[in-house]
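input_23.cif (mmCIF, C-alpha atoms) appears below.
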```
data_run
#
loop_
_atom_site.label_atom_id
_atom_site.label_comp_id
_atom_site.auth_asym_id
_atom_site.auth_seq_id
_atom_site.Cartn_x
_atom_site.Cartn_y
_atom_site.Cartn_z
CA MET A 277 29.84 5.07 -26.28
CA ASP A 278 29.84 8.21 -24.11
CA GLY A 279 33.29 9.40 -23.03
CA ARG A 280 32.41 8.98 -19.36
CA ASP A 281 31.29 5.37 -19.84
CA GLY A 282 34.81 4.32 -20.79
CA MET A 283 36.43 6.14 -17.89
CA ARG A 284 37.81 4.19 -14.95
CA ALA A 285 35.59 4.02 -11.87
CA ALA A 286 36.95 4.78 -8.42
CA ASP A 287 36.44 2.81 -5.22
CA SER A 288 33.98 5.47 -4.04
CA ASP A 289 31.92 4.94 -7.23
CA ARG A 290 31.84 1.19 -6.57
CA ALA A 291 30.80 1.82 -2.96
CA ALA A 292 27.99 4.16 -4.10
CA VAL A 293 26.65 1.49 -6.47
CA ALA A 294 26.93 -1.10 -3.67
CA ASP A 295 24.86 1.22 -1.45
CA ARG A 296 22.23 1.61 -4.19
CA LEU A 297 22.08 -2.17 -4.61
CA ARG A 298 21.61 -2.56 -0.85
CA VAL A 299 18.71 -0.09 -0.98
CA ALA A 300 17.19 -2.10 -3.85
CA LEU A 301 17.55 -5.27 -1.77
CA ASP A 302 15.90 -3.58 1.23
CA GLU A 303 13.06 -2.40 -1.01
CA GLY A 304 12.54 -5.93 -2.34
CA ARG A 305 13.56 -5.05 -5.88
CA LEU A 306 16.40 -7.60 -5.82
CA ASP A 307 16.50 -11.02 -4.23
CA LEU A 308 19.51 -12.01 -2.15
CA HIS A 309 21.10 -14.09 -4.92
CA GLU A 310 20.82 -11.32 -7.52
CA TYR A 311 22.07 -8.75 -4.99
CA ASP A 312 25.12 -10.90 -4.28
CA GLU A 313 25.86 -11.33 -7.99
CA ARG A 314 25.54 -7.62 -8.70
CA LEU A 315 27.59 -6.69 -5.65
CA GLN A 316 30.44 -8.91 -6.82
CA ARG A 317 30.21 -7.39 -10.29
CA ALA A 318 30.17 -3.88 -8.77
CA TYR A 319 33.43 -4.43 -6.91
CA ALA A 320 34.97 -6.03 -10.01
CA ALA A 321 33.82 -3.17 -12.29
CA ARG A 322 36.49 -1.17 -14.04
CA THR A 323 34.51 1.54 -15.82
CA TYR A 324 31.47 3.70 -15.26
CA ALA A 325 29.67 1.70 -17.97
CA ASP A 326 30.25 -1.51 -15.97
CA LEU A 327 28.69 0.14 -12.92
CA GLU A 328 25.77 1.69 -14.83
CA ALA A 329 24.84 -1.71 -16.27
CA LEU A 330 24.16 -2.92 -12.73
CA LEU A 331 21.59 -0.17 -12.10
CA THR A 332 19.78 0.20 -15.45
CA ASP A 333 16.71 -1.80 -14.40
CA LEU A 334 16.43 -0.13 -10.98
CA PRO A 335 14.48 3.09 -10.49
CA PRO A 336 16.48 6.06 -9.22
CA VAL A 337 16.18 7.01 -5.58
CA THR A 338 13.98 10.07 -5.25
CA PRO A 339 15.38 12.68 -2.87
CA ALA A 340 13.15 13.24 0.17
CA GLN A 341 12.61 16.88 -0.81
CA ARG A 342 10.97 15.88 -4.12
CA SER A 343 9.18 12.77 -2.87
CA GLY A 344 5.44 12.80 -2.33
CA LEU A 345 5.90 10.41 0.59
CA ALA A 346 6.85 11.47 4.08
CA PRO A 347 10.20 9.87 4.97
CA ALA A 348 10.92 8.26 8.34
CA ALA A 349 14.04 8.86 10.43
CA GLY A 350 17.42 7.68 9.12
CA SER A 351 19.44 8.51 6.04
CA MET A 352 18.86 7.67 2.41
CA VAL A 353 21.66 7.16 -0.06
CA SER A 354 21.21 8.23 -3.64
CA GLN A 355 22.50 6.37 -6.65
CA LEU A 356 25.66 8.45 -6.36
CA GLY A 357 26.03 7.78 -2.64
CA ASP A 358 25.39 11.28 -1.30
CA GLN A 359 23.21 11.73 1.76
CA LEU A 360 19.71 12.85 0.88
CA GLY A 361 18.12 13.10 4.30
CA PRO A 362 15.82 10.90 6.33
CA ALA A 363 15.11 7.36 5.14
CA PRO A 364 13.04 4.56 6.56
CA THR A 365 14.49 2.78 9.59
CA GLY A 366 11.07 1.75 10.80
CA GLY A 367 10.68 -1.80 11.78
CA VAL A 368 13.80 -1.94 13.96
CA THR A 369 11.66 -2.55 17.03
CA ALA A 370 9.44 -5.00 15.13
CA ARG A 371 12.50 -6.92 13.92
CA TRP A 372 13.91 -7.03 17.44
CA LEU A 373 10.59 -8.28 18.83
CA ALA A 374 10.44 -10.92 16.10
CA GLU A 375 13.96 -12.09 16.95
CA VAL A 376 12.97 -12.37 20.60
CA TRP A 377 9.54 -13.98 20.21
CA PHE A 378 9.53 -16.09 17.00
CA PRO A 379 11.62 -18.98 18.39
CA TYR A 380 9.22 -19.15 21.35
CA LEU A 381 6.15 -19.13 19.10
CA ARG A 382 7.59 -21.86 16.88
CA VAL A 383 8.37 -24.14 19.81
CA ILE A 384 4.96 -23.52 21.41
CA ALA A 385 3.26 -24.33 18.10
CA ILE A 386 5.19 -27.60 17.92
CA VAL A 387 4.46 -28.71 21.49
CA VAL A 388 0.77 -27.77 21.26
CA THR A 389 0.55 -29.71 17.99
CA ILE A 390 2.15 -32.74 19.67
CA TRP A 391 -0.30 -32.44 22.58
CA ALA A 392 -3.29 -32.12 20.20
CA VAL A 393 -2.23 -35.08 18.06
CA THR A 394 -1.66 -37.30 21.08
CA SER A 395 -5.02 -36.22 22.53
CA LEU A 396 -6.72 -37.08 19.23
CA LEU A 397 -4.97 -40.43 18.93
CA THR A 398 -5.89 -41.45 22.48
CA GLN A 399 -9.40 -40.05 21.98
CA ASP A 400 -9.05 -38.36 25.35
CA LEU A 401 -8.31 -34.77 26.32
CA LEU A 402 -4.88 -35.15 27.91
CA TYR A 403 -3.36 -32.91 30.57
CA PHE A 404 -2.21 -29.67 28.88
CA TRP A 405 1.49 -30.10 29.56
CA PRO A 406 2.61 -27.47 26.96
CA ALA A 407 1.72 -24.87 29.61
CA TRP A 408 4.88 -25.95 31.46
CA VAL A 409 6.92 -24.98 28.40
CA ALA A 410 4.96 -21.86 27.44
CA GLY A 411 4.46 -20.35 30.90
CA PRO A 412 8.00 -20.02 32.31
CA TRP A 413 9.62 -19.27 28.95
CA GLY A 414 6.91 -16.72 28.13
CA ALA A 415 7.42 -15.02 31.50
CA VAL A 416 11.16 -14.74 30.89
CA LEU A 417 10.57 -13.34 27.40
CA MET A 418 8.02 -10.85 28.75
CA VAL A 419 10.57 -9.53 31.26
CA ARG A 420 13.23 -9.37 28.52
CA THR A 421 10.82 -7.54 26.21
CA VAL A 422 9.83 -4.95 28.83
CA THR A 423 13.40 -4.33 29.99
CA GLY A 424 14.70 -4.32 26.40
CA LEU A 425 12.12 -1.78 25.24
CA ALA A 426 12.65 0.37 28.34
CA GLY A 427 16.42 0.27 27.73
CA LYS A 428 15.94 0.97 24.00
CA GLU A 429 17.74 -2.26 23.10
CA PRO A 430 16.30 -2.35 19.55
CA ASP A 431 17.84 1.06 18.82
CA ASN A 432 21.21 0.01 20.24
CA GLN A 433 21.45 -2.97 17.92
CA SER A 434 23.02 -2.06 14.64
CA PRO A 435 23.60 -4.59 11.91
CA THR A 436 27.24 -5.39 11.47
CA PRO A 437 27.96 -4.74 7.83
CA CYS A 438 30.27 -7.11 6.04
CA PRO A 439 33.21 -5.24 4.59
CA PRO A 440 33.16 -5.38 0.82
CA ASN A 441 35.67 -7.66 -0.83
CA PRO A 442 37.63 -5.44 -3.21
CA HIS A 443 39.00 -8.51 -4.98
CA PRO A 444 36.06 -10.88 -5.49
CA SER A 445 36.87 -14.26 -6.94
CA HIS A 446 34.72 -15.68 -9.69
#
```
Structure encoded using structure tokens:
Amino acid sequence: MDGRDGMRAADSDRAAVADRLRVALDEGRLDLHEYDERLQRAYAARTYADLEALLTDLPPVTPAQRSGLAPAAGSMVSQLGDQLGPAPTGGVTARWLAEVWFPYLRVIAIVVTIWAVTSLLTQDLLYFWPAWVAGPWGAVLMVRTVTGLAGKEPDNQSPTPCPPNPHPSH
């Protein structure tokens, strides 16, 4: 066992590992359940060896200067938690648009399906009443989308991080 492995880890070391685990979750390398398990173990870790065991199967984060890929805007956190420069934040607008429009699309799919099934069962093309649901709601969402994008609402939304529990219960 290396001398460092047996040394006590500090809160900043645990936070750096938690950041690396979050990056792995964002990259799709960990599922939410495994991320949660590892995060609990990270905050319960006592030594550097305990922390290293949580990262052994994850590739290291490549600093933007050495990466062959062009990074997007944002900041990337290395395995040790230091800032490495720009990191991907793309998709903020796409996520915001999805949050705005997906409930609408789901409801419209349901009401159009109901209309289609009832038309098939009656063997008659019924009045297309889903337009009364889709039209007004779609107009309101269109105005919200235009004003939200003009006001840079997607950029103003920041996810509220949950504070880490320094004393996780098992």
For Arg305 in chain A, the closest of A:Ala285, A:Asp333, A:Ala325, A:Gly279 counting only C-alpha atoms is A:Asp333
Which of these residues is nearest to Arg420 in chain A, using all atoms listed in the file: A:Glu375, A:Asp312, A:Asp326, A:Asp307?
->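 So, comparing all the options, the nearest one is A:Glu375.
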Restricting to only C-alpha atoms, whichever of A:Arg284, A:Arg314, A:Lys428, A:Arg298 is closest to Trp372 in chain A is A:Lys428
Report as a PyMOL selection string the full result of the PyMOL selection byres ((chain A and resi 409) around 10) when it is applied to this structure.
chain A and resi 380+383-384+387-388+405-408+410-414
- Item | Distance query Leu327 in chain A at most 10 Å, all atoms listed in the file, self and fewer than 6 positions along chain excluded, as an NGL selection string | :A and (281 or 285 or 289-290 or 292-294 or 314 or 317-321)
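One finds CA of Gly427 in chain A at 20.7 Å from CA of Phe378 in chain A.
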*Considering only C-alpha atoms, state which residue in the set A:Met418, A:Phe404, A:Gln316, A:Leu334 is at the smallest distance from Thr389 in chain A.*
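That would be A:Phe404, the residue with the smallest distance to Thr389 in chain A.
For the atom pair formed by CA of Thr332 in chain A and CA of Leu306 in chain A, the distance is 12.8 Å, given to one decimal.
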